[in-house]
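Engineer: Structure: start.txt, compact mmCIF, C-alpha atoms.
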# COMPACT_ATOMS: atom_id res chain seq x y z
CA ASP F 117 92.09 83.16 81.10
CA SER F 118 91.37 86.89 81.39
CA GLY F 119 94.57 88.00 79.68
CA VAL F 120 95.74 89.81 82.81
CA THR F 121 98.86 88.34 84.36
CA GLN F 122 100.18 88.80 87.85
CA THR F 123 103.44 87.74 89.42
CA PRO F 124 104.28 86.22 91.76
CA LYS F 125 101.38 83.93 92.61
CA HIS F 126 102.44 83.56 96.21
CA LEU F 127 104.69 85.63 98.39
CA ILE F 128 105.72 84.96 101.96
CA THR F 129 107.68 87.60 103.78
CA ALA F 130 108.33 88.95 107.24
CA THR F 131 106.97 92.01 109.00
CA GLY F 132 108.82 95.19 108.18
CA GLN F 133 109.85 94.01 104.74
CA ARG F 134 109.03 95.49 101.35
CA VAL F 135 107.62 93.63 98.36
CA THR F 136 106.69 94.44 94.78
CA LEU F 137 103.74 92.91 92.98
CA ARG F 138 103.63 93.03 89.22
CA CYS F 139 100.72 93.16 86.80
CA SER F 140 100.51 93.07 83.02
CA PRO F 141 97.14 94.23 81.64
CA ARG F 142 95.27 92.76 78.71
CA SER F 143 96.59 93.80 75.35
CA GLY F 144 95.10 97.18 74.48
CA ASP F 145 93.86 98.04 77.96
CA LEU F 146 95.22 101.34 79.19
CA SER F 147 93.70 101.28 82.65
CA VAL F 148 94.97 99.21 85.56
CA TYR F 149 93.34 98.83 88.96
CA TRP F 150 94.67 97.31 92.16
CA TYR F 151 92.50 95.67 94.79
CA GLN F 152 93.11 94.07 98.15
CA GLN F 153 90.92 91.20 99.26
CA SER F 154 90.97 89.96 102.82
CA LEU F 155 88.53 87.96 104.89
CA ASP F 156 87.59 90.82 107.17
CA GLN F 157 87.64 93.71 104.69
CA GLY F 158 86.30 92.12 101.54
CA LEU F 159 87.35 93.51 98.17
CA GLN F 160 88.88 96.95 98.59
CA PHE F 161 89.81 99.23 95.73
CA LEU F 162 93.32 100.59 96.19
CA ILE F 163 94.33 102.65 93.19
CA GLN F 164 93.83 103.14 89.47
CA TYR F 165 96.21 104.14 86.72
CA TYR F 166 95.38 105.18 83.20
CA ASN F 167 98.10 105.28 80.57
CA GLY F 168 100.78 105.92 83.15
CA GLU F 169 98.91 108.46 85.25
CA GLU F 170 97.22 107.97 88.57
CA ARG F 171 93.48 108.48 88.14
CA ALA F 172 91.74 107.39 91.31
CA LYS F 173 92.68 106.44 94.82
CA GLY F 174 90.77 104.24 97.18
CA ASN F 175 91.69 102.83 100.54
CA ILE F 176 95.39 102.71 99.88
CA LEU F 177 97.74 103.05 102.84
CA GLU F 178 100.64 105.50 102.73
CA ARG F 179 103.00 102.53 103.04
CA PHE F 180 101.71 101.33 99.67
CA SER F 181 102.48 102.88 96.32
CA ALA F 182 102.01 101.98 92.71
CA GLN F 183 103.06 103.03 89.26
CA GLN F 184 102.30 102.22 85.67
CA PHE F 185 105.15 102.07 83.22
CA PRO F 186 105.28 103.12 79.53
CA ASP F 187 104.69 99.52 78.45
CA LEU F 188 101.52 99.69 80.62
CA HIS F 189 102.53 97.08 83.14
CA SER F 190 102.02 98.14 86.71
CA GLU F 191 103.71 97.48 90.02
CA LEU F 192 102.30 97.72 93.51
CA ASN F 193 104.89 98.34 96.19
CA LEU F 194 104.09 97.41 99.77
CA SER F 195 106.53 98.50 102.45
CA SER F 196 106.93 98.22 106.22
CA LEU F 197 104.69 95.21 106.00
CA GLU F 198 102.42 94.29 108.87
CA LEU F 199 100.61 91.08 109.66
CA GLY F 200 97.36 92.74 108.63
CA ASP F 201 98.65 93.25 105.10
CA SER F 202 98.31 89.53 104.46
CA ALA F 203 95.72 89.28 101.71
CA LEU F 204 95.03 88.53 98.09
CA TYR F 205 96.05 91.38 95.83
CA PHE F 206 94.30 91.60 92.50
CA CYS F 207 95.08 93.59 89.46
CA ALA F 208 92.41 94.33 86.89
CA SER F 209 92.49 96.11 83.57
CA SER F 210 89.91 97.69 81.37
CA VAL F 211 89.37 99.82 78.32
CA VAL F 212 88.37 103.28 79.45
CA GLN F 213 87.02 105.84 77.06
CA LYS F 214 85.53 109.22 77.75
CA GLY F 215 81.91 108.87 78.69
CA ARG F 216 81.94 105.18 79.32
CA ASN F 217 83.30 102.70 81.78
CA TYR F 218 83.98 99.26 80.53
CA GLU F 219 84.13 96.03 82.43
CA GLN F 220 87.24 95.05 84.29
CA TYR F 221 89.20 91.89 83.69
CA PHE F 222 90.90 90.48 86.74
CA GLY F 223 94.19 88.69 87.07
CA PRO F 224 94.57 85.54 89.16
CA GLY F 225 95.94 87.49 92.11
CA THR F 226 99.00 87.43 94.32
CA ARG F 227 98.58 85.87 97.74
CA LEU F 228 100.73 87.74 100.22
CA THR F 229 101.47 86.20 103.60
CA VAL F 230 103.26 88.32 106.16
CA THR F 231 104.73 86.36 109.07
CA ALA O 254 77.50 108.50 98.39
CA GLN O 255 77.78 105.67 95.95
CA SER O 256 77.28 102.23 97.42
CA VAL O 257 76.42 98.66 96.53
CA THR O 258 74.56 96.38 98.88
CA GLN O 259 74.34 92.64 98.65
CA PRO O 260 72.02 91.81 101.53
CA ASP O 261 72.65 88.07 101.53
CA ILE O 262 76.08 87.01 102.78
CA HIS O 263 75.39 83.32 102.28
CA ILE O 264 72.81 81.50 100.18
CA THR O 265 72.28 77.75 99.94
CA VAL O 266 70.26 76.15 97.18
CA SER O 267 69.77 72.63 95.94
CA GLU O 268 71.16 71.61 92.59
CA GLY O 269 68.54 72.19 89.93
CA ALA O 270 66.73 74.85 91.92
CA SER O 271 66.39 78.43 90.75
CA LEU O 272 68.61 81.17 92.11
CA GLU O 273 68.27 84.88 92.68
CA LEU O 274 71.05 86.96 94.20
CA ARG O 275 70.11 90.45 95.24
CA CYS O 276 72.00 93.64 94.56
CA ASN O 277 70.94 97.17 95.40
CA TYR O 278 72.92 100.24 94.49
CA SER O 279 72.97 103.88 95.34
CA TYR O 280 74.22 106.13 92.58
CA GLY O 281 73.08 109.50 91.32
CA ALA O 282 73.61 109.08 87.61
CA THR O 283 72.99 106.24 85.19
CA PRO O 284 74.91 103.31 86.59
CA TYR O 285 77.07 100.84 84.82
CA LEU O 286 76.38 97.53 86.55
CA PHE O 287 78.30 94.31 86.64
CA TRP O 288 78.18 90.87 88.18
CA TYR O 289 81.38 88.94 88.80
CA VAL O 290 81.96 85.42 90.08
CA GLN O 291 84.94 84.25 92.09
CA SER O 292 85.76 80.60 92.61
CA PRO O 293 87.97 79.74 95.58
CA GLY O 294 91.54 80.89 95.07
CA GLN O 295 90.71 82.45 91.73
CA GLY O 296 90.34 85.92 90.33
CA LEU O 297 87.01 87.51 89.53
CA GLN O 298 85.35 86.60 86.27
CA LEU O 299 82.80 88.83 84.59
CA LEU O 300 79.38 87.19 84.32
CA LEU O 301 77.44 90.02 82.71
CA LYS O 302 77.15 93.78 82.45
CA TYR O 303 74.53 96.46 81.96
CA PHE O 304 75.30 99.76 80.31
CA SER O 305 72.02 100.81 78.71
CA GLY O 306 69.13 99.51 76.63
CA ASP O 307 67.32 96.29 77.39
CA THR O 308 67.03 95.96 81.14
CA LEU O 309 67.29 92.17 81.05
CA VAL O 310 70.82 91.15 80.23
CA GLN O 311 72.15 87.72 79.50
CA GLY O 312 75.52 86.56 80.66
CA ILE O 313 77.74 83.55 80.58
CA LYS O 314 77.04 80.21 82.27
CA GLY O 315 73.27 80.66 81.91
CA PHE O 316 73.02 83.69 84.20
CA GLU O 317 70.87 86.74 83.60
CA ALA O 318 70.22 89.95 85.50
CA GLU O 319 67.50 92.53 85.43
CA PHE O 320 68.05 96.24 85.97
CA LYS O 321 65.17 97.91 87.79
CA ARG O 322 65.75 101.62 88.06
CA SER O 323 62.71 102.21 90.27
CA GLN O 324 64.05 99.74 92.83
CA SER O 325 67.75 100.56 92.32
CA SER O 326 68.34 96.87 91.90
CA PHE O 327 70.30 94.59 89.62
CA ASN O 328 69.47 91.06 90.73
CA LEU O 329 71.23 88.05 89.29
CA ARG O 330 69.20 84.97 88.37
CA LYS O 331 69.68 81.49 87.09
CA PRO O 332 66.78 79.10 86.41
CA SER O 333 68.61 75.90 87.36
CA VAL O 334 71.74 75.88 89.48
CA HIS O 335 74.58 73.44 88.87
CA TRP O 336 77.01 72.25 91.54
CA SER O 337 79.80 74.08 89.68
CA ASP O 338 78.04 77.40 90.37
CA ALA O 339 79.16 77.26 94.00
CA ALA O 340 81.32 80.37 94.36
CA GLU O 341 81.21 83.94 95.59
CA TYR O 342 79.30 86.48 93.56
CA PHE O 343 80.01 90.19 93.50
CA CYS O 344 77.85 92.99 92.21
CA ALA O 345 79.62 96.18 91.14
CA VAL O 346 78.77 99.69 90.03
CA GLY O 347 80.98 101.65 87.67
CA ALA O 348 81.16 105.44 87.99
CA ASP O 349 80.53 107.35 84.78
CA PRO O 350 83.66 109.37 84.08
CA SER O 351 81.85 111.91 81.96
CA THR O 352 79.92 113.15 84.97
CA SER O 353 81.98 112.24 87.98
CA GLY O 354 85.44 112.65 86.57
CA THR O 355 86.59 109.52 88.34
CA TYR O 356 86.95 105.97 87.19
CA LYS O 357 85.83 104.17 90.27
CA TYR O 358 84.26 100.78 90.60
CA ILE O 359 82.39 99.97 93.79
CA PHE O 360 81.97 96.35 94.71
CA GLY O 361 79.43 94.82 97.02
CA THR O 362 80.57 92.61 99.87
CA GLY O 363 79.71 89.46 97.98
CA THR O 364 77.27 86.58 98.35
CA ARG O 365 78.68 83.12 98.90
CA LEU O 366 76.63 80.47 97.15
CA LYS O 367 76.56 76.90 98.36
CA VAL O 368 74.94 74.23 96.21
CA LEU O 369 73.57 71.05 97.76
CA ALA O 370 73.68 67.87 95.73
With the file now loaded, output its structure as structure tokens.

Structural biologist:
Amino acid sequence: DSGVTQTPKHLITATGQRVTLRCSPRSGDLSVYWYQQSLDQGLQFLIQYYNGEERAKGNILERFSAQQFPDLHSELNLSSLELGDSALYFCASSVVQKGRNYEQYFGPGTRLTVT
Amino acid sequence: AQSVTQPDIHITVSEGASLELRCNYSYGATPYLFWYVQSPGQGLQLLLKYFSGDTLVQGIKGFEAEFKRSQSSFNLRKPSVHWSDAAEYFCAVGADPSTSGTYKYIFGTGTRLKVLA
């Protein structure tokens, strides 16, 4: 158990819909990362937040957005869903201090199926 | 540009045989290097990490990795593979925020390990 929790575990929805994925980081970790993992694209970095602020953006679509709340949990919002958005979505957290990157701890993931 | 290459998509070894998974990186500054393992349907679990110091690092589950700056490599090894090691393995590079200003991790495409009984 990494200490990172994600809900829900599975999500099935239809094209055009909007969903919200939730992540709670490990206690004490200020940084949260979101990743998308699909068979054809592999593990893709989407976005990073640090203590409530966006810090880095990866291959995140404009239809997707995220935020980190004062209690440090994070939500990833996916809208206007397409079949191609079906994937595993992982959240990871880490301690980040100036001058050093620490390892990430991954949650169990949310499997999104768009039908 | 920063990149991580895992040249082997699939590797098959017999149980009890030795294992080496290759990882090459491209990064201008001192890299922070990681190996993760992912079992089917699971999240990624950290096996080991290299930040500085001794270039041979020990991890969990009997794995080790060696950082070779001259070859830009961080290969993962295990002397004797167990059937439970069958999984996908990811190498990753962490960007140093003090020089790049970003907090990006770059993952390789993964190597899927199959273990024959």

Engineer: May I have the residues within 7 Å of Arg134 of chain F as a list in words, using only C-alpha atoms and disregarding those fewer than 6 positions away in the same chain?

Structural biologist: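 Residues meeting the cut-off are Leu194, Ser195, Ser196 and Leu197 of chain F.
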
Engineer: Can you write out the residues you just picked, keeping C-alpha atoms, as an mmCIF file, keeping the file's coordinate frame?

Structural biologist:
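Final output, result_6.cif:
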data_model
loop_
_atom_site.group_PDB
_atom_site.id
_atom_site.type_symbol
_atom_site.label_atom_id
_atom_site.label_comp_id
_atom_site.auth_asym_id
_atom_site.auth_seq_id
_atom_site.Cartn_x
_atom_site.Cartn_y
_atom_site.Cartn_z
ATOM 1 C CA LEU F 194 104.090 97.410 99.770
ATOM 2 C CA SER F 195 106.530 98.500 102.450
ATOM 3 C CA SER F 196 106.930 98.220 106.220
ATOM 4 C CA LEU F 197 104.690 95.210 106.000
#

Engineer: Please, which residues of chain F lie no more than 12 Å from chain O when the count uses only C-alpha atoms, and can they be set out as number ranges by chain?

Structural biologist: F: 117-122, 125-126, 147-166, 170-175, 203-227

Engineer: Distance atom CA of Leu309 of chain O-atom CA of Asn328 of chain O, one decimal place?

Structural biologist: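 Going from atom CA of Leu309 of chain O over to atom CA of Asn328 of chain O, I get 10.0 Å.
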
Engineer: Just to confirm, what's the straight-line distance from atom CA of Ser326 of chain O to atom CA of Thr283 of chain O in Å (one decimal)?

Structural biologist: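 Result for atom CA of Ser326 of chain O versus atom CA of Thr283 of chain O: 12.4 Å, one decimal.
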
Engineer: Of the candidates O:Leu300, O:Ala340, O:Ala282, O:Ala370, which one gets nearest to Ile264 of chain O if we count all atoms listed in the file?

Structural biologist: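 Of all the options, O:Ala340 lies closest to Ile264 of chain O.
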
Engineer: What's the separation between atom CA of Leu188 of chain F and atom CA of Asn167 of chain F, in Å to one decimal place?

Structural biologist: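 Computed distance, atom CA of Leu188 of chain F to atom CA of Asn167 of chain F, equals 6.6 Å.
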
Engineer: From the set O:Val368, O:Val290, O:Cys276, O:Val310, which residue has the shortest atom-to-atom contact distance to Ser256 of chain O, counting all atoms listed in the file?

Structural biologist: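 Answer, going by the shortest atom-to-atom distance: O:Cys276.
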
Engineer: For segment 220-231 of chain F, take all atoms listed in the file, fit an axis-aligned box around them, add 3 Å to each of the six sides, then output centre and edge lengths in Å rounded to one decimal, as JSON.

Structural biologist:
{"center_x": 96.0, "center_y": 90.3, "center_z": 96.4, "size_x": 23.5, "size_y": 15.5, "size_z": 31.4}

Engineer: Pick from O:Ser292, O:Gln259, O:Ser271, O:Thr265: nearest to Glu317 of chain O, with all atoms listed in the file counted?

Structural biologist: O:Ser271

Engineer: Pick out the residues sitting within 9 Å of Phe185 of chain F, and hand them over as a VMD selection string; count all atoms listed in the file, and ignore anything fewer than 5 positions along from it in its own chain.

Structural biologist: chain F and resid 167 to 168 190 to 191

Engineer: Which residue out of O:Phe327, O:Ile313, O:Arg275, O:Thr308 has the minimum interatomic distance to His263 of chain O when only C-alpha atoms are used?

Structural biologist: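 The shortest atom-to-atom distance to His263 of chain O comes from O:Arg275.
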
Engineer: If we count all atoms listed in the file and set the cut-off at 6 Å, which residues sit around Val230 of chain F, ignoring sequence neighbours fewer than 6 positions away in its own chain? Please answer as a compact mmCIF listing (two decimals) with C-alpha atoms, in the coordinates of the input.

Structural biologist:
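Written output follows (around_36.txt):
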# COMPACT_ATOMS: atom_id res chain seq x y z
CA ILE F 128 105.72 84.96 101.96
CA THR F 129 107.68 87.60 103.78
CA ALA F 130 108.33 88.95 107.24
CA THR F 131 106.97 92.01 109.00
CA LEU F 199 100.61 91.08 109.66
CA SER F 202 98.31 89.53 104.46
